Amino acid sequence: MSPADLAPVPAPASTSSALHGPADVPADEWEPRRGAVGRMLRSEMALVFGRRRNVALLSGLAAVPLLLGLVLFVAQDTALAGQGPGFVGRVTGNGLFLVVASLFLCLPFLLPLTIGIATGDAIAGEAAGGTLRYLLSLPVRRTRLLLVKALATLAFVAAAVLAIAVVALAAGALLFGLSDLTLLSGATIPVGEGVLRMAGVVGYVALSLTGLVAVGLFYSTLTEVPVGAMAGTVVTAVVSAVLDTLPQLAVIHPALLTHHWLDFAEFLRLEVDPAVLGQGLAVQAAWVAVFGSLAWSRFTTADVTS
Amino acid sequence: MPLATGSVPAVDLPVSEARSVRTADLAVRTEGLTKRFRSGQVAVDGIDVAVPRGAVFGFLGPNGSGKTTTIRMLLGLVRPTSGHAWLLDRPMPASGASVLPRVGVLVEGPAFQPYLSGRRNLARLDANDATADPRTAPRRIDEALERVGMTAAAAKPYRQYSLGMKQRLGLAAALLRPRELLVLDEPTNGLDPQGTREVRVLVRELADAGTTVLVSSHLLSEIEQVCSHIGIMSRGRLLLQGERHEVMGSGTPHVHVTTTPADAPHAGALLEGLGVRHVTVEPATVHATVHGVLDDVEPAVVARTLVGAGVDLLGLEVRRQSLEELFVSLTGEGFDVAR
């Protein structure tokens, strides 16, 4: 910033420049541009996926099927082989089951924790860092910011599920080999179709998590403390799972956030019943609608004092 | 409509002066702007701000006087409890989407993503501005960085920056696009004297190019040097505002007479005879000083009287109140936290 730099610099009137006065700016300079939302979304994705903490989180999740596969591989000739909850016991027979088993292990806690971290960062993180006031003063419309944050968070959660599944498939193939898939009824389908069924499982699990993402985003609009929003999200998932175990509350079970999470097993039946999957997704859609609306009404009216 | 005068009724002149300006010529305007937080605390209490286009408006007040809450309401970050605000003739927050791209902002210190470099932080802000042209972004970012002397540090992560560097990056963000209005809250916070001077030069240059600047600062001397207009807040109220020379002129002039110790008592008596108030004599071994409040007494009359009476007149100075004296006389609290 030498005195020479501060001399007025003539610039063509058709371009914008910080170095010349506002009078030179063409009238359409302040109109929203085409592709602005796409540009914003790309920037947000780069921020989320470029953050070292998030990359480490994805790596950690991807390590789950690897560790599980190794444990089962080492133990497969012992008396403990073929035991374990969910589909763990069937992994040594067919590597395809490592996908299902890994998702089964990550669903109760690790994936809700991932959602909590991502949603806590989304709004509360920006508020805590003070960057929210600068984004809103650019300006970014609050509705648009919430939408872009939601999309980026969903993309991150989907990437987490995909990372688990892809590593599970690779590790399963490597350690146990892939073979024709034996379904719950005992019927078998070819390995190619089996892989497609696993893709269906991944898609269903990812969509099952959208309700919790909406809940997490709502918490994120309530606080300037990202850890608080994260804890609230995890607690919500855990409480839902606990309520789901109480037979006295059977009447509310179908509406619980986590009740249909394990319905991905439907893909392991000979005839996949769309009604079962549809019901689970409808419940998620309802949670998204309710908590998305709450997050929107809160975020678009809140005073930003951080 | 009530004038925004506080507990000091003598200074309503600058406020009424400002209100006579046509509203279309105002870059910032508020009417009865009030914010009562849920705690019940009234942070801003019915203020009528008027910042003419092209002005450098110095926004002064002790910590906690409501300056930042006012700025947040102007930008649409905080919703007023009552009252209205306009930026560049458009109502806020309703017209934020069309007005705010023309407003550069530094509010309550800089804030960026700590693990991104300075340049990538600016790129991120630009990518989030729906009205910014992505094709010119790299050039505009380079220019903004250069303008605040941050080109060399642009590739370093923000968390490694010193406070002064952070502040400069905040200024660069405010200058990413040509602005009609700059709102700078404590822009020199954390800068060394050289950096402070650079900011002053920058503000003056932007103002010369036609940008209106609303600058808040707790360093009175800075405000005094760059501002064409001044507003003083205390306890949520705007005590006065107006052109700087009028605000400063509203202070009463004092006269300081330097003479020999022998003549000092005589000089004091002569001043009292002329109607100068609060005359005090400070005797010393070499030079004695006699001072008092001049009011309507002409300085020339003072000089003629003293010389005519045979007083050895070594010096005669007329001083108006400094901004700091004015500030303390209005707020009565210096720079302590108001609440």
# chains A, B, ... in the order shown; residues from 1 in each chain; ligands from 1
>>> select_by_dssp(residues="segment 14-213 of chain A", states="alpha helix (DSSP H)", output="VMD selection string")
chain A and resid 36 to 50 52 to 75 97 to 106 110 to 120 126 to 129 131 to 136 142 to 176 191 to 208 210 to 213
>>> interface_residues(of="chain B", to="chain A", cutoff="7 Å", atoms="only C-alpha atoms", output="PyMOL selection string")
chain B and resi 75+77-79+96-98+100-101+111-112+124-125+127-131+140+143-144+146-149+175-180+209-211
>>> select_by_dssp(residues="segment 13-223 of chain A", states="strand (DSSP E)", output="number ranges by chain")
A: 181-182, 188-189
>>> closest_residue(among="B:Gly58, B:Leu239, B:Val44, B:Pro110", to="Val328 of chain B", atoms="only C-alpha atoms")
B:Leu239
>>> atom_distance(atom1="atom CA of Ser217 of chain B", atom2="atom CA of Glu31 of chain B")
22.9 Å
>>> closest_residue(among="B:Leu182, B:Val297, B:Val107, B:Met165", to="Lys67 of chain B", atoms="only C-alpha atoms")
B:Val107
>>> residues_around(residues="Ala264 of chain B", least_positions_apart="5", cutoff="7 Å", atoms="only C-alpha atoms", output="ChimeraX atom specification")
/B:259,281,288,290
>>> write_last_selection(atoms="N, CA and C atoms", output="JSON list (two decimals), in the first residue's frame")
[["chain", "number", "residue", "atom", "x", "y", "z"],
["B", 259, "THR", "N", 2.01, 35.20, 29.61],
["B", 259, "THR", "CA", 2.59, 36.50, 29.98],
["B", 259, "THR", "C", 3.66, 36.27, 31.04],
["B", 281, "VAL", "N", -5.45, 31.79, 36.90],
["B", 281, "VAL", "CA", -4.07, 32.23, 36.68],
["B", 281, "VAL", "C", -3.14, 31.12, 37.15],
["B", 288, "ALA", "N", 3.83, 32.75, 32.78],
["B", 288, "ALA", "CA", 2.58, 32.44, 33.47],
["B", 288, "ALA", "C", 1.47, 32.32, 32.43],
["B", 290, "VAL", "N", -2.72, 32.50, 31.75],
["B", 290, "VAL", "CA", -4.04, 32.90, 32.25],
["B", 290, "VAL", "C", -5.04, 32.36, 31.25]]
>>> residues_around(residues="segment 215-218 of chain A", least_positions_apart="3", cutoff="6 Å", atoms="only C-alpha atoms", output="PyMOL selection string")
chain A and resi 119+212+221+233+291+295
>>> write_last_selection(atoms="N, CA and C atoms", output="PDB file, in the first residue's frame")
ATOM      1  N   THR A 119     -23.821 -30.987  10.479  1.00  0.00           N
ATOM      2  CA  THR A 119     -24.875 -29.975  10.652  1.00  0.00           C
ATOM      3  C   THR A 119     -24.457 -28.922  11.674  1.00  0.00           C
ATOM      4  N   LEU A 212     -32.679 -36.943  10.053  1.00  0.00           N
ATOM      5  CA  LEU A 212     -31.755 -36.525  11.111  1.00  0.00           C
ATOM      6  C   LEU A 212     -30.943 -35.303  10.676  1.00  0.00           C
ATOM      7  N   THR A 221     -29.430 -23.928  13.886  1.00  0.00           N
ATOM      8  CA  THR A 221     -29.911 -22.549  13.802  1.00  0.00           C
ATOM      9  C   THR A 221     -30.232 -21.972  15.184  1.00  0.00           C
ATOM     10  N   THR A 233     -28.023 -33.524  18.139  1.00  0.00           N
ATOM     11  CA  THR A 233     -28.342 -34.422  17.030  1.00  0.00           C
ATOM     12  C   THR A 233     -28.103 -35.875  17.418  1.00  0.00           C
ATOM     13  N   PHE A 291     -38.902 -30.496  10.392  1.00  0.00           N
ATOM     14  CA  PHE A 291     -37.711 -29.832  10.932  1.00  0.00           C
ATOM     15  C   PHE A 291     -37.057 -28.896   9.928  1.00  0.00           C
ATOM     16  N   ALA A 295     -36.346 -25.138  10.940  1.00  0.00           N
ATOM     17  CA  ALA A 295     -35.037 -24.530  10.710  1.00  0.00           C
ATOM     18  C   ALA A 295     -35.183 -23.266   9.879  1.00  0.00           C
TER      19      ALA A 295
END
>>> atom_distance(atom1="atom CA of Ser65 of chain B", atom2="atom CA of Gly236 of chain B")
5.2 Å
>>> residues_around(residues="segment 267-281 of chain A", least_positions_apart="6", cutoff="12 Å", atoms="only C-alpha atoms", output="PDB file with N, CA, C and O atoms, in the first residue's frame")
ATOM      1  N   PHE A  87     -25.600 -59.030  10.074  1.00  0.00           N
ATOM      2  CA  PHE A  87     -25.147 -59.896   8.998  1.00  0.00           C
ATOM      3  C   PHE A  87     -23.664 -60.206   9.118  1.00  0.00           C
ATOM      4  O   PHE A  87     -23.052 -60.716   8.192  1.00  0.00           O
ATOM      5  N   LEU A  96     -19.829 -59.786  -0.115  1.00  0.00           N
ATOM      6  CA  LEU A  96     -20.905 -58.801  -0.308  1.00  0.00           C
ATOM      7  C   LEU A  96     -21.541 -58.394   1.018  1.00  0.00           C
ATOM      8  O   LEU A  96     -21.953 -57.257   1.202  1.00  0.00           O
ATOM      9  N   PHE A  97     -21.590 -59.350   1.949  1.00  0.00           N
ATOM     10  CA  PHE A  97     -22.253 -59.064   3.222  1.00  0.00           C
ATOM     11  C   PHE A  97     -21.471 -58.088   4.089  1.00  0.00           C
ATOM     12  O   PHE A  97     -22.001 -57.549   5.052  1.00  0.00           O
ATOM     13  N   VAL A 100     -23.331 -54.738   4.045  1.00  0.00           N
ATOM     14  CA  VAL A 100     -24.492 -54.674   4.923  1.00  0.00           C
ATOM     15  C   VAL A 100     -24.053 -54.634   6.395  1.00  0.00           C
ATOM     16  O   VAL A 100     -24.555 -53.832   7.196  1.00  0.00           O
ATOM     17  N   LEU A 181     -25.417 -64.192  -4.210  1.00  0.00           N
ATOM     18  CA  LEU A 181     -25.951 -63.712  -2.944  1.00  0.00           C
ATOM     19  C   LEU A 181     -27.091 -64.601  -2.466  1.00  0.00           C
ATOM     20  O   LEU A 181     -28.095 -64.788  -3.167  1.00  0.00           O
ATOM     21  N   THR A 182     -26.930 -65.169  -1.295  1.00  0.00           N
ATOM     22  CA  THR A 182     -27.995 -65.961  -0.692  1.00  0.00           C
ATOM     23  C   THR A 182     -28.916 -65.025   0.081  1.00  0.00           C
ATOM     24  O   THR A 182     -28.480 -64.332   0.993  1.00  0.00           O
ATOM     25  N   LEU A 183     -30.188 -65.002  -0.303  1.00  0.00           N
ATOM     26  CA  LEU A 183     -31.134 -64.063   0.294  1.00  0.00           C
ATOM     27  C   LEU A 183     -31.697 -64.615   1.590  1.00  0.00           C
ATOM     28  O   LEU A 183     -31.408 -65.743   1.991  1.00  0.00           O
ATOM     29  N   LEU A 184     -32.531 -63.834   2.264  1.00  0.00           N
ATOM     30  CA  LEU A 184     -33.077 -64.224   3.562  1.00  0.00           C
ATOM     31  C   LEU A 184     -33.911 -65.494   3.447  1.00  0.00           C
ATOM     32  O   LEU A 184     -33.979 -66.309   4.367  1.00  0.00           O
ATOM     33  N   SER A 185     -34.550 -65.663   2.307  1.00  0.00           N
ATOM     34  CA  SER A 185     -35.401 -66.839   2.112  1.00  0.00           C
ATOM     35  C   SER A 185     -34.603 -68.082   1.757  1.00  0.00           C
ATOM     36  O   SER A 185     -35.149 -69.186   1.703  1.00  0.00           O
ATOM     37  N   GLY A 186     -33.307 -67.907   1.500  1.00  0.00           N
ATOM     38  CA  GLY A 186     -32.476 -69.029   1.112  1.00  0.00           C
ATOM     39  C   GLY A 186     -32.238 -69.104  -0.379  1.00  0.00           C
ATOM     40  O   GLY A 186     -31.348 -69.818  -0.834  1.00  0.00           O
ATOM     41  N   ALA A 187     -33.027 -68.353  -1.147  1.00  0.00           N
ATOM     42  CA  ALA A 187     -32.811 -68.316  -2.590  1.00  0.00           C
ATOM     43  C   ALA A 187     -31.523 -67.570  -2.903  1.00  0.00           C
ATOM     44  O   ALA A 187     -31.054 -66.773  -2.095  1.00  0.00           O
ATOM     45  N   THR A 188     -30.928 -67.831  -4.040  1.00  0.00           N
ATOM     46  CA  THR A 188     -29.704 -67.121  -4.415  1.00  0.00           C
ATOM     47  C   THR A 188     -29.927 -66.332  -5.703  1.00  0.00           C
ATOM     48  O   THR A 188     -30.718 -66.737  -6.559  1.00  0.00           O
ATOM     49  N   ILE A 189     -29.197 -65.222  -5.788  1.00  0.00           N
ATOM     50  CA  ILE A 189     -29.222 -64.429  -7.013  1.00  0.00           C
ATOM     51  C   ILE A 189     -27.778 -64.240  -7.467  1.00  0.00           C
ATOM     52  O   ILE A 189     -26.857 -64.326  -6.634  1.00  0.00           O
ATOM     53  N   PRO A 190     -27.560 -63.967  -8.774  1.00  0.00           N
ATOM     54  CA  PRO A 190     -26.189 -63.842  -9.284  1.00  0.00           C
ATOM     55  C   PRO A 190     -25.453 -62.681  -8.632  1.00  0.00           C
ATOM     56  O   PRO A 190     -26.073 -61.733  -8.150  1.00  0.00           O
ATOM     57  N   GLU A 193     -26.274 -59.077  -9.752  1.00  0.00           N
ATOM     58  CA  GLU A 193     -27.503 -58.541  -9.176  1.00  0.00           C
ATOM     59  C   GLU A 193     -27.311 -58.252  -7.688  1.00  0.00           C
ATOM     60  O   GLU A 193     -27.876 -57.309  -7.137  1.00  0.00           O
ATOM     61  N   GLY A 194     -26.469 -59.078  -7.048  1.00  0.00           N
ATOM     62  CA  GLY A 194     -26.172 -58.856  -5.632  1.00  0.00           C
ATOM     63  C   GLY A 194     -25.539 -57.493  -5.399  1.00  0.00           C
ATOM     64  O   GLY A 194     -25.876 -56.786  -4.443  1.00  0.00           O
ATOM     65  N   VAL A 195     -24.633 -57.102  -6.282  1.00  0.00           N
ATOM     66  CA  VAL A 195     -23.984 -55.789  -6.153  1.00  0.00           C
ATOM     67  C   VAL A 195     -25.039 -54.682  -6.319  1.00  0.00           C
ATOM     68  O   VAL A 195     -25.026 -53.690  -5.593  1.00  0.00           O
ATOM     69  N   LEU A 196     -25.962 -54.890  -7.271  1.00  0.00           N
ATOM     70  CA  LEU A 196     -27.028 -53.903  -7.453  1.00  0.00           C
ATOM     71  C   LEU A 196     -27.882 -53.784  -6.197  1.00  0.00           C
ATOM     72  O   LEU A 196     -28.280 -52.688  -5.792  1.00  0.00           O
ATOM     73  N   ARG A 197     -28.156 -54.945  -5.563  1.00  0.00           N
ATOM     74  CA  ARG A 197     -28.929 -54.904  -4.310  1.00  0.00           C
ATOM     75  C   ARG A 197     -28.189 -54.086  -3.255  1.00  0.00           C
ATOM     76  O   ARG A 197     -28.794 -53.335  -2.495  1.00  0.00           O
ATOM     77  N   MET A 198     -26.859 -54.225  -3.217  1.00  0.00           N
ATOM     78  CA  MET A 198     -26.060 -53.449  -2.251  1.00  0.00           C
ATOM     79  C   MET A 198     -26.144 -51.944  -2.553  1.00  0.00           C
ATOM     80  O   MET A 198     -26.197 -51.118  -1.644  1.00  0.00           O
ATOM     81  N   ALA A 199     -26.178 -51.617  -3.855  1.00  0.00           N
ATOM     82  CA  ALA A 199     -26.348 -50.203  -4.226  1.00  0.00           C
ATOM     83  C   ALA A 199     -27.690 -49.694  -3.706  1.00  0.00           C
ATOM     84  O   ALA A 199     -27.796 -48.555  -3.208  1.00  0.00           O
ATOM     85  N   GLY A 200     -28.720 -50.566  -3.796  1.00  0.00           N
ATOM     86  CA  GLY A 200     -30.026 -50.201  -3.250  1.00  0.00           C
ATOM     87  C   GLY A 200     -29.954 -49.965  -1.754  1.00  0.00           C
ATOM     88  O   GLY A 200     -30.535 -48.997  -1.233  1.00  0.00           O
ATOM     89  N   VAL A 201     -29.214 -50.817  -1.045  1.00  0.00           N
ATOM     90  CA  VAL A 201     -29.044 -50.652   0.402  1.00  0.00           C
ATOM     91  C   VAL A 201     -28.410 -49.300   0.716  1.00  0.00           C
ATOM     92  O   VAL A 201     -28.884 -48.553   1.582  1.00  0.00           O
ATOM     93  N   VAL A 202     -27.331 -48.964  -0.019  1.00  0.00           N
ATOM     94  CA  VAL A 202     -26.627 -47.695   0.201  1.00  0.00           C
ATOM     95  C   VAL A 202     -27.582 -46.516  -0.016  1.00  0.00           C
ATOM     96  O   VAL A 202     -27.637 -45.579   0.791  1.00  0.00           O
ATOM     97  N   GLY A 203     -28.362 -46.578  -1.110  1.00  0.00           N
ATOM     98  CA  GLY A 203     -29.299 -45.497  -1.413  1.00  0.00           C
ATOM     99  C   GLY A 203     -30.336 -45.343  -0.314  1.00  0.00           C
ATOM    100  O   GLY A 203     -30.619 -44.220   0.141  1.00  0.00           O
ATOM    101  N   TYR A 204     -30.875 -46.480   0.153  1.00  0.00           N
ATOM    102  CA  TYR A 204     -31.901 -46.414   1.183  1.00  0.00           C
ATOM    103  C   TYR A 204     -31.328 -45.870   2.492  1.00  0.00           C
ATOM    104  O   TYR A 204     -31.950 -45.027   3.153  1.00  0.00           O
ATOM    105  N   VAL A 205     -30.143 -46.320   2.873  1.00  0.00           N
ATOM    106  CA  VAL A 205     -29.523 -45.845   4.116  1.00  0.00           C
ATOM    107  C   VAL A 205     -29.277 -44.341   4.040  1.00  0.00           C
ATOM    108  O   VAL A 205     -29.569 -43.585   4.981  1.00  0.00           O
ATOM    109  N   ALA A 206     -28.758 -43.891   2.883  1.00  0.00           N
ATOM    110  CA  ALA A 206     -28.473 -42.456   2.742  1.00  0.00           C
ATOM    111  C   ALA A 206     -29.760 -41.648   2.874  1.00  0.00           C
ATOM    112  O   ALA A 206     -29.798 -40.627   3.579  1.00  0.00           O
ATOM    113  N   LEU A 207     -30.838 -42.102   2.233  1.00  0.00           N
ATOM    114  CA  LEU A 207     -32.102 -41.372   2.312  1.00  0.00           C
ATOM    115  C   LEU A 207     -32.708 -41.462   3.710  1.00  0.00           C
ATOM    116  O   LEU A 207     -33.392 -40.543   4.171  1.00  0.00           O
ATOM    117  N   SER A 208     -32.445 -42.575   4.409  1.00  0.00           N
ATOM    118  CA  SER A 208     -32.960 -42.729   5.774  1.00  0.00           C
ATOM    119  C   SER A 208     -32.377 -41.694   6.727  1.00  0.00           C
ATOM    120  O   SER A 208     -32.921 -41.455   7.800  1.00  0.00           O
ATOM    121  N   LEU A 209     -31.233 -41.131   6.349  1.00  0.00           N
ATOM    122  CA  LEU A 209     -30.563 -40.196   7.254  1.00  0.00           C
ATOM    123  C   LEU A 209     -31.004 -38.747   7.038  1.00  0.00           C
ATOM    124  O   LEU A 209     -30.602 -37.855   7.784  1.00  0.00           O
ATOM    125  N   THR A 210     -31.834 -38.493   6.016  1.00  0.00           N
ATOM    126  CA  THR A 210     -32.206 -37.108   5.702  1.00  0.00           C
ATOM    127  C   THR A 210     -32.993 -36.456   6.838  1.00  0.00           C
ATOM    128  O   THR A 210     -32.835 -35.259   7.098  1.00  0.00           O
ATOM    129  N   GLY A 211     -33.840 -37.252   7.530  1.00  0.00           N
ATOM    130  CA  GLY A 211     -34.618 -36.689   8.626  1.00  0.00           C
ATOM    131  C   GLY A 211     -33.712 -36.171   9.729  1.00  0.00           C
ATOM    132  O   GLY A 211     -33.918 -35.065  10.248  1.00  0.00           O
ATOM    133  N   HIS A 253     -44.018 -46.058  17.453  1.00  0.00           N
ATOM    134  CA  HIS A 253     -42.811 -46.587  16.802  1.00  0.00           C
ATOM    135  C   HIS A 253     -42.728 -46.295  15.314  1.00  0.00           C
ATOM    136  O   HIS A 253     -41.673 -45.881  14.832  1.00  0.00           O
ATOM    137  N   PRO A 254     -43.809 -46.501  14.549  1.00  0.00           N
ATOM    138  CA  PRO A 254     -43.665 -46.307  13.087  1.00  0.00           C
ATOM    139  C   PRO A 254     -43.263 -44.888  12.698  1.00  0.00           C
ATOM    140  O   PRO A 254     -42.711 -44.682  11.624  1.00  0.00           O
ATOM    141  N   ALA A 255     -43.527 -43.904  13.594  1.00  0.00           N
ATOM    142  CA  ALA A 255     -43.201 -42.517  13.246  1.00  0.00           C
ATOM    143  C   ALA A 255     -41.815 -42.110  13.723  1.00  0.00           C
ATOM    144  O   ALA A 255     -41.355 -41.006  13.440  1.00  0.00           O
ATOM    145  N   LEU A 256     -41.141 -42.978  14.472  1.00  0.00           N
ATOM    146  CA  LEU A 256     -39.841 -42.605  15.030  1.00  0.00           C
ATOM    147  C   LEU A 256     -38.796 -42.455  13.930  1.00  0.00           C
ATOM    148  O   LEU A 256     -38.804 -43.162  12.933  1.00  0.00           O
ATOM    149  N   LEU A 257     -37.903 -41.522  14.195  1.00  0.00           N
ATOM    150  CA  LEU A 257     -36.864 -41.183  13.228  1.00  0.00           C
ATOM    151  C   LEU A 257     -36.032 -42.392  12.807  1.00  0.00           C
ATOM    152  O   LEU A 257     -35.661 -42.546  11.641  1.00  0.00           O
ATOM    153  N   THR A 258     -35.747 -43.275  13.765  1.00  0.00           N
ATOM    154  CA  THR A 258     -34.816 -44.366  13.493  1.00  0.00           C
ATOM    155  C   THR A 258     -35.518 -45.698  13.240  1.00  0.00           C
ATOM    156  O   THR A 258     -34.849 -46.690  12.947  1.00  0.00           O
ATOM    157  N   HIS A 259     -36.872 -45.711  13.365  1.00  0.00           N
ATOM    158  CA  HIS A 259     -37.583 -46.988  13.357  1.00  0.00           C
ATOM    159  C   HIS A 259     -37.347 -47.783  12.077  1.00  0.00           C
ATOM    160  O   HIS A 259     -37.235 -49.005  12.100  1.00  0.00           O
ATOM    161  N   HIS A 260     -37.282 -47.103  10.936  1.00  0.00           N
ATOM    162  CA  HIS A 260     -37.197 -47.801   9.650  1.00  0.00           C
ATOM    163  C   HIS A 260     -35.781 -47.891   9.105  1.00  0.00           C
ATOM    164  O   HIS A 260     -35.583 -48.310   7.979  1.00  0.00           O
ATOM    165  N   TRP A 261     -34.816 -47.474   9.946  1.00  0.00           N
ATOM    166  CA  TRP A 261     -33.440 -47.415   9.444  1.00  0.00           C
ATOM    167  C   TRP A 261     -32.935 -48.773   8.960  1.00  0.00           C
ATOM    168  O   TRP A 261     -32.177 -48.871   8.009  1.00  0.00           O
ATOM    169  N   TRP A 287     -40.267 -36.025   8.609  1.00  0.00           N
ATOM    170  CA  TRP A 287     -39.309 -35.376   9.517  1.00  0.00           C
ATOM    171  C   TRP A 287     -38.591 -34.226   8.816  1.00  0.00           C
ATOM    172  O   TRP A 287     -38.360 -33.166   9.411  1.00  0.00           O
ATOM    173  N   VAL A 288     -38.235 -34.442   7.557  1.00  0.00           N
ATOM    174  CA  VAL A 288     -37.571 -33.367   6.792  1.00  0.00           C
ATOM    175  C   VAL A 288     -38.503 -32.163   6.671  1.00  0.00           C
ATOM    176  O   VAL A 288     -38.091 -31.014   6.874  1.00  0.00           O
TER     177      VAL A 288
END
>>> closest_residue(among="B:Leu271, B:Leu145, B:Leu323, B:Leu306", to="Arg244 of chain B", atoms="only C-alpha atoms")
B:Leu323
>>> residues_around(residues="Arg53 of chain B", least_positions_apart="4", cutoff="6 Å", atoms="only C-alpha atoms", output="list in words")
Asp25, Leu26, Ala27 and Thr212 of chain B
>>> closest_residue(among="A:Leu111, A:Ala286, A:Val225, A:Ala152", to="Val238 of chain A", atoms="only C-alpha atoms")
A:Leu111
>>> residues_around(residues="Pro85 of chain A", least_positions_apart="6", cutoff="10 Å", atoms="only C-alpha atoms", output="ChimeraX atom specification")
/A:101,104-105
>>> write_last_selection(atoms="all heavy atoms", output="tab-separated table (two decimals), in the first residue's frame")
chain	number	residue	atom	x	y	z
A	101	ALA	N	-23.08	-55.49	6.73
A	101	ALA	CA	-22.63	-55.57	8.12
A	101	ALA	C	-22.01	-54.26	8.57
A	101	ALA	O	-22.25	-53.81	9.70
A	101	ALA	CB	-21.62	-56.71	8.26
A	104	PHE	N	-24.65	-51.67	9.12
A	104	PHE	CA	-25.37	-52.06	10.32
A	104	PHE	C	-24.63	-51.59	11.57
A	104	PHE	O	-25.24	-51.10	12.53
A	104	PHE	CB	-25.54	-53.59	10.33
A	104	PHE	CG	-26.26	-54.11	11.53
A	104	PHE	CD1	-27.65	-54.11	11.59
A	104	PHE	CD2	-25.55	-54.62	12.62
A	104	PHE	CE1	-28.31	-54.58	12.70
A	104	PHE	CE2	-26.22	-55.08	13.74
A	104	PHE	CZ	-27.59	-55.07	13.77
A	105	LEU	N	-23.32	-51.70	11.56
A	105	LEU	CA	-22.52	-51.28	12.71
A	105	LEU	C	-22.43	-49.76	12.83
A	105	LEU	O	-22.33	-49.22	13.94
A	105	LEU	CB	-21.10	-51.87	12.62
A	105	LEU	CG	-20.97	-53.36	12.89
A	105	LEU	CD1	-19.50	-53.76	12.90
A	105	LEU	CD2	-21.62	-53.73	14.22
>>> atom_distance(atom1="atom CA of Pro62 of chain B", atom2="atom CA of Ser329 of chain B")
12.7 Å
